[in-house]
>>> print(open('query.cif').read())   # mmCIF, C-alpha atoms
data_coords
loop_
_atom_site.label_atom_id
_atom_site.label_comp_id
_atom_site.auth_asym_id
_atom_site.auth_seq_id
_atom_site.Cartn_x
_atom_site.Cartn_y
_atom_site.Cartn_z
CA PRO Y 30 0.00 0.00 0.00
CA LEU Y 31 1.06 3.58 -0.61
CA PRO Y 32 2.28 5.58 2.42
CA TRP Y 33 -0.02 8.27 3.69
CA PRO Y 34 1.05 11.83 2.79
CA GLY Y 35 3.22 13.19 5.55
CA SER Y 36 4.56 9.78 6.56
CA ASP Y 37 7.87 8.24 5.56
CA TRP Y 38 7.84 8.86 1.83
CA PRO Y 39 10.84 7.69 -0.17
CA ALA Y 40 13.41 10.43 -0.64
CA ALA Y 41 13.17 10.26 -4.44
CA ALA Y 42 10.59 9.20 -6.97
CA GLN Y 43 10.50 5.48 -7.57
CA ASP Y 44 10.83 5.93 -11.33
CA GLY Y 45 13.88 8.17 -10.95
CA ARG Y 46 12.26 11.15 -12.69
CA ILE Y 47 12.30 14.63 -11.19
CA VAL Y 48 9.06 16.39 -12.06
CA ILE Y 49 8.53 20.04 -11.16
CA MET Y 50 5.22 20.52 -12.96
CA ASP Y 51 3.52 18.63 -15.78
CA TRP Y 52 2.68 21.62 -17.97
CA SER Y 53 1.55 19.38 -20.81
CA ALA Y 54 -1.05 17.78 -18.55
CA LEU Y 55 -2.20 21.20 -17.35
CA SER Y 56 -2.55 22.44 -20.92
CA LEU Y 57 -4.51 19.32 -21.87
CA SER Y 58 -6.83 19.73 -18.87
CA LEU Y 59 -7.57 23.35 -19.76
CA GLU Y 60 -8.13 22.43 -23.41
CA LEU Y 61 -10.49 19.62 -22.44
CA ALA Y 62 -12.43 21.92 -20.10
CA ALA Y 63 -12.66 24.63 -22.78
CA TRP Y 64 -13.93 22.22 -25.44
CA THR Y 65 -16.43 20.69 -23.02
CA LEU Y 66 -17.75 24.08 -22.00
CA ALA Y 67 -18.00 25.40 -25.56
CA LEU Y 68 -19.83 22.34 -26.85
CA LEU Y 69 -21.97 21.49 -23.83
CA LEU Y 70 -23.22 24.86 -22.58
CA PRO Y 71 -25.42 25.62 -25.65
CA VAL Y 72 -26.83 22.09 -25.43
CA GLY Y 73 -27.43 22.55 -21.70
CA ILE Y 74 -29.31 25.80 -22.33
CA LEU Y 75 -31.55 24.20 -24.95
CA ILE Y 76 -32.29 21.07 -22.91
CA GLY Y 77 -32.69 23.00 -19.66
CA ARG Y 78 -35.16 25.47 -21.17
CA TRP Y 79 -37.08 22.68 -22.87
CA LEU Y 80 -37.41 20.73 -19.63
CA ALA Y 81 -38.46 23.88 -17.77
CA ARG Y 82 -41.08 24.99 -20.29
CA THR Y 83 -42.47 21.70 -21.61
CA GLU Y 84 -44.80 19.25 -19.90
CA PHE Y 85 -44.89 15.69 -21.26
CA ARG Y 86 -45.31 12.18 -19.94
CA GLY Y 87 -41.66 11.13 -20.18
CA ARG Y 88 -40.26 14.28 -18.55
CA PRO Y 89 -39.29 12.63 -15.21
CA LEU Y 90 -37.44 9.87 -17.05
CA LEU Y 91 -35.52 12.36 -19.20
CA GLN Y 92 -34.61 14.39 -16.11
CA ALA Y 93 -33.38 11.21 -14.44
CA ILE Y 94 -31.22 10.38 -17.47
CA CYS Y 95 -29.69 13.87 -17.41
CA ALA Y 96 -28.90 13.55 -13.70
CA LEU Y 97 -27.66 9.94 -13.86
CA PRO Y 98 -23.91 10.75 -14.07
CA LEU Y 99 -24.21 12.44 -10.66
CA VAL Y 100 -25.05 9.19 -8.88
CA LEU Y 101 -23.31 6.52 -10.97
CA PRO Y 102 -19.77 5.52 -9.97
CA PRO Y 103 -17.14 6.68 -12.49
CA THR Y 104 -16.19 3.05 -13.13
CA VAL Y 105 -19.74 2.25 -14.25
CA VAL Y 106 -19.89 5.30 -16.53
CA GLY Y 107 -16.44 4.49 -17.88
CA TYR Y 108 -17.36 0.86 -18.53
CA TYR Y 109 -20.42 1.76 -20.58
CA LEU Y 110 -18.52 4.44 -22.47
CA LEU Y 111 -15.78 1.93 -23.34
CA THR Y 112 -18.43 -0.53 -24.49
CA PHE Y 113 -20.30 2.13 -26.45
CA MET Y 114 -17.23 3.74 -28.05
CA GLY Y 115 -14.92 0.73 -28.42
CA ALA Y 116 -13.38 -0.25 -31.74
CA ARG Y 117 -15.85 -3.13 -32.14
CA SER Y 118 -18.94 -1.09 -31.28
CA PRO Y 119 -21.16 0.34 -34.05
CA LEU Y 120 -20.22 3.90 -33.10
CA GLY Y 121 -16.51 3.12 -32.86
CA THR Y 122 -16.56 1.32 -36.21
CA ALA Y 123 -18.42 4.19 -37.90
CA ILE Y 124 -16.09 6.88 -36.48
CA ASP Y 125 -13.04 4.90 -37.57
CA ALA Y 126 -14.46 4.41 -41.09
CA TRP Y 127 -15.55 8.03 -41.55
CA PHE Y 128 -12.79 9.95 -39.81
CA GLY Y 129 -10.00 7.41 -39.30
CA LEU Y 130 -9.76 7.90 -35.54
CA SER Y 131 -10.60 6.02 -32.37
CA LEU Y 132 -12.72 7.42 -29.57
CA VAL Y 133 -10.93 5.23 -27.02
CA PHE Y 134 -7.53 6.39 -25.72
CA SER Y 135 -7.69 9.61 -27.72
CA PHE Y 136 -8.45 13.28 -27.03
CA PRO Y 137 -11.67 13.30 -29.10
CA GLY Y 138 -12.83 10.37 -26.99
CA LEU Y 139 -12.07 12.34 -23.84
CA VAL Y 140 -14.16 15.23 -25.13
CA PHE Y 141 -17.07 12.92 -25.94
CA ALA Y 142 -16.90 11.26 -22.52
CA SER Y 143 -16.61 14.63 -20.82
CA LEU Y 144 -19.76 15.88 -22.55
CA LEU Y 145 -21.77 12.97 -21.16
CA VAL Y 146 -20.29 13.07 -17.66
CA ASN Y 147 -20.83 16.82 -17.30
CA LEU Y 148 -24.37 16.86 -18.69
CA PRO Y 149 -26.02 17.31 -15.24
CA PHE Y 150 -23.81 20.30 -14.43
CA ALA Y 151 -24.82 22.02 -17.67
CA VAL Y 152 -28.54 21.17 -17.63
CA LEU Y 153 -29.81 21.23 -14.04
CA PRO Y 154 -28.81 24.81 -13.04
CA VAL Y 155 -30.17 26.14 -16.33
CA GLN Y 156 -33.43 24.26 -15.92
CA ARG Y 157 -33.93 25.63 -12.40
CA ALA Y 158 -33.17 29.16 -13.63
CA PHE Y 159 -35.75 28.97 -16.43
CA GLU Y 160 -38.30 27.44 -14.06
CA GLY Y 161 -37.89 30.48 -11.82
CA GLY Y 162 -38.94 32.87 -14.59
CA SER Y 163 -42.39 34.41 -14.48
CA GLN Y 164 -44.83 32.84 -16.92
CA GLU Y 165 -46.93 36.01 -16.74
CA LEU Y 166 -43.99 38.09 -17.98
CA HIS Y 167 -43.44 35.61 -20.79
CA ASP Y 168 -47.12 35.78 -21.80
CA ALA Y 169 -47.14 39.59 -21.63
CA ALA Y 170 -44.17 39.80 -23.97
CA ALA Y 171 -45.91 37.47 -26.41
CA CYS Y 172 -49.05 39.63 -26.25
CA CYS Y 173 -46.93 42.69 -27.11
CA GLY Y 174 -46.00 41.04 -30.41
CA MET Y 175 -42.52 39.77 -29.55
CA ASN Y 176 -41.67 36.61 -31.45
CA PRO Y 177 -40.41 33.56 -29.51
CA TRP Y 178 -36.76 34.25 -30.38
CA ARG Y 179 -36.93 37.84 -29.09
CA VAL Y 180 -38.70 36.67 -25.93
CA PHE Y 181 -35.92 34.14 -25.37
CA ALA Y 182 -33.05 36.57 -26.11
CA ARG Y 183 -34.43 39.72 -24.48
CA ILE Y 184 -36.38 38.38 -21.51
CA GLU Y 185 -35.74 34.72 -20.70
CA MET Y 186 -31.95 34.64 -21.06
CA PRO Y 187 -31.25 37.76 -18.94
CA LEU Y 188 -33.45 36.35 -16.17
CA ALA Y 189 -31.84 32.91 -16.42
CA TRP Y 190 -28.29 34.29 -16.64
CA PRO Y 191 -27.31 33.35 -13.05
CA GLY Y 192 -28.20 29.72 -13.75
CA VAL Y 193 -26.32 29.75 -17.05
CA LEU Y 194 -23.24 31.20 -15.36
CA SER Y 195 -23.45 28.60 -12.59
CA ALA Y 196 -23.69 25.86 -15.21
CA ALA Y 197 -20.60 27.23 -16.99
CA VAL Y 198 -18.56 27.39 -13.77
CA LEU Y 199 -19.60 23.91 -12.62
CA THR Y 200 -18.96 22.36 -16.05
CA PHE Y 201 -15.52 23.93 -16.40
CA GLY Y 202 -14.47 23.17 -12.83
CA HIS Y 203 -15.74 19.59 -12.82
CA THR Y 204 -14.00 18.85 -16.12
CA LEU Y 205 -10.69 20.05 -14.70
CA GLY Y 206 -10.93 17.66 -11.78
CA GLU Y 207 -12.53 14.64 -13.47
CA PHE Y 208 -10.44 11.52 -12.92
CA GLY Y 209 -12.21 8.15 -13.06
CA VAL Y 210 -13.96 8.37 -16.41
CA VAL Y 211 -11.00 10.16 -18.01
CA LEU Y 212 -8.62 7.43 -16.89
CA MET Y 213 -10.87 4.61 -18.10
CA VAL Y 214 -11.68 6.13 -21.48
CA GLY Y 215 -8.42 7.93 -22.24
CA GLY Y 216 -5.82 6.01 -20.29
CA ASN Y 217 -2.58 7.76 -19.40
CA ILE Y 218 -0.93 8.82 -22.67
CA PRO Y 219 1.42 11.81 -22.26
CA GLY Y 220 0.41 14.75 -24.42
CA GLU Y 221 -2.74 12.99 -25.62
CA THR Y 222 -4.95 11.90 -22.70
CA ARG Y 223 -2.95 12.57 -19.51
CA THR Y 224 -4.79 15.35 -17.73
CA LEU Y 225 -3.55 17.05 -14.57
CA SER Y 226 -5.63 14.86 -12.27
CA ILE Y 227 -4.13 11.75 -13.88
CA ALA Y 228 -0.64 13.27 -13.66
CA ILE Y 229 -1.17 13.72 -9.90
CA PHE Y 230 -2.16 10.07 -9.57
CA ASP Y 231 0.86 9.10 -11.67
CA ARG Y 232 3.23 10.96 -9.34
CA ILE Y 233 1.59 9.39 -6.27
CA GLN Y 234 2.10 5.96 -7.81
CA ALA Y 235 5.75 6.86 -8.43
CA PHE Y 236 6.22 7.91 -4.75
CA ASP Y 237 6.83 11.53 -5.76
CA PRO Y 238 4.80 13.55 -3.22
CA GLY Y 239 6.55 16.83 -4.05
CA ALA Y 240 5.40 16.90 -7.68
CA ALA Y 241 1.97 15.55 -6.73
CA GLY Y 242 1.58 18.28 -4.11
CA ARG Y 243 2.59 21.05 -6.50
CA MET Y 244 0.19 19.90 -9.19
CA ALA Y 245 -2.61 19.38 -6.66
CA ALA Y 246 -2.06 22.89 -5.29
CA LEU Y 247 -2.19 24.36 -8.80
CA LEU Y 248 -5.39 22.49 -9.61
CA LEU Y 249 -6.89 23.66 -6.31
CA LEU Y 250 -5.93 27.27 -7.09
CA ILE Y 251 -7.39 27.17 -10.60
CA SER Y 252 -10.63 25.63 -9.34
CA LEU Y 253 -10.90 28.16 -6.51
CA VAL Y 254 -10.33 31.11 -8.85
CA THR Y 255 -12.88 29.74 -11.34
CA VAL Y 256 -15.60 29.38 -8.71
CA ALA Y 257 -14.72 32.73 -7.08
CA LEU Y 258 -14.97 34.54 -10.42
CA GLY Y 259 -18.38 32.97 -10.97
CA TYR Y 260 -19.66 34.09 -7.57
CA GLY Y 261 -18.12 37.53 -8.12
CA ALA Y 262 -19.92 37.93 -11.43
CA LEU Y 263 -23.23 36.93 -9.84
CA GLU Y 264 -22.82 39.35 -6.93
CA GLY Y 265 -21.78 42.17 -9.26
CA ARG Y 266 -24.86 41.62 -11.39
CA ALA Y 267 -27.06 41.58 -8.29
CA ARG Y 268 -25.55 44.88 -7.06
CA ARG Y 269 -26.06 46.51 -10.46
CA GLY Y 270 -29.66 45.32 -10.50
CA ALA Y 271 -30.23 46.70 -7.00
CA GLY Y 272 -28.67 50.03 -8.01
CA GLN Y 273 -30.90 50.34 -11.05
CA GLY Y 274 -33.92 49.46 -8.95
#
>>> encode(input="query.cif", output="structure tokens")
Amino acid sequence: PLPWPGSDWPAAAQDGRIVIMDWSALSLSLELAAWTLALLLPVGILIGRWLARTEFRGRPLLQAICALPLVLPPTVVGYYLLTFMGARSPLGTAIDAWFGLSLVFSFPGLVFASLLVNLPFAVLPVQRAFEGGSQELHDAAACCGMNPWRVFARIEMPLAWPGVLSAAVLTFGHTLGEFGVVLMVGGNIPGETRTLSIAIFDRIQAFDPGAAGRMAALLLLISLVTVALGYGALEGRARRGAGQG
């Protein structure tokens, strides 16, 4: 078993490498989080608004599917993703035939897995924000002749902006720290699928607590700044709204 941090760690890394900081892993983590946010946030807004404004029989089941990654163990999610995206699966075979790439142990596969794992963080806050909007205000705007797109852009989105911002912060931050699914789907390929969380695990396995601690501290700082900026933006908007009122 590995020694507990702070106990008698070996003086040097077991693999003989001296690692100050895995900048490649940091860059890959930020790139993965940026791609996930850019692709998933518009989808989260559309699904969240639809769930908030539409009543249908299968709505509870669809909500449960969207929230499922929150309660499933990462190993279960990773197993089904490997089965679904593997080289012998219909999707894996089609992607390989059309684009000549594999979704397993590759960066595109990480992005695809990240989109599914982060779906609750992009959908649920947006849905709650749209549910909090006044239906009377929505109906009044429609009576004034505003088309549905203008109602969405000029009334619904400004009111739902706190939920959208929360979804963006949670999606970005969770992607940075995701470990289990990323390791199962992407493995540990330097420069291709090794994110910062995997690099930390790699240094722990190599009995290199110094490098692991530095990378963990950096990831903690980035996550803290991301969440703090989100809260700051929400409080600033609330103060401006109070001042205008």
>>> atom_distance(input="query.cif", atom1="CA of Glu160 in chain Y", atom2="CA of Ala81 in chain Y")
5.1 Å
>>> atom_distance(input="query.cif", atom1="CA of Arg88 in chain Y", atom2="CA of Leu145 in chain Y")
18.7 Å
>>> atom_distance(input="query.cif", atom1="CA of Arg223 in chain Y", atom2="CA of Ala54 in chain Y")
5.6 Å
>>> resolve_selection(input="query.cif", expression="the PyMOL selection byres ((chain Y and resi 61) around 12)", output="PyMOL selection string")
chain Y and resi 54-60+62-69+135-144+147+200-207+211+215+221-225
>>> resolve_selection(input="query.cif", expression="the PyMOL selection byres ((chain Y and resi 114) around 10)", output="PyMOL selection string")
chain Y and resi 108-113+115-124+131-133+138+141-142+214
>>> resolve_selection(input="query.cif", expression="the PyMOL selection byres ((chain Y and resi 104) around 12)", output="list in words")
Pro98, Val100, Leu101, Pro102, Pro103, Val105, Val106, Gly107, Tyr108, Tyr109, Leu110, Leu111, Val146, Phe208, Gly209, Val210, Val211, Leu212, Met213 and Val214 of chain Y
>>> closest_residue(input="query.cif", among="Y:Leu194, Y:Ser53, Y:Glu264, Y:Gly220", to="Phe150 in chain Y", atoms="all atoms listed in the file")
Y:Leu194
>>> axis_aligned_box(input="query.cif", around="range 131-139 of chain Y", padding_each_side="8 Å", output="lines of an AutoDock Vina configuration file")
center_x = -10.2
center_y = 9.3
center_z = -28.1
size_x = 21.3
size_y = 24.1
size_z = 24.5
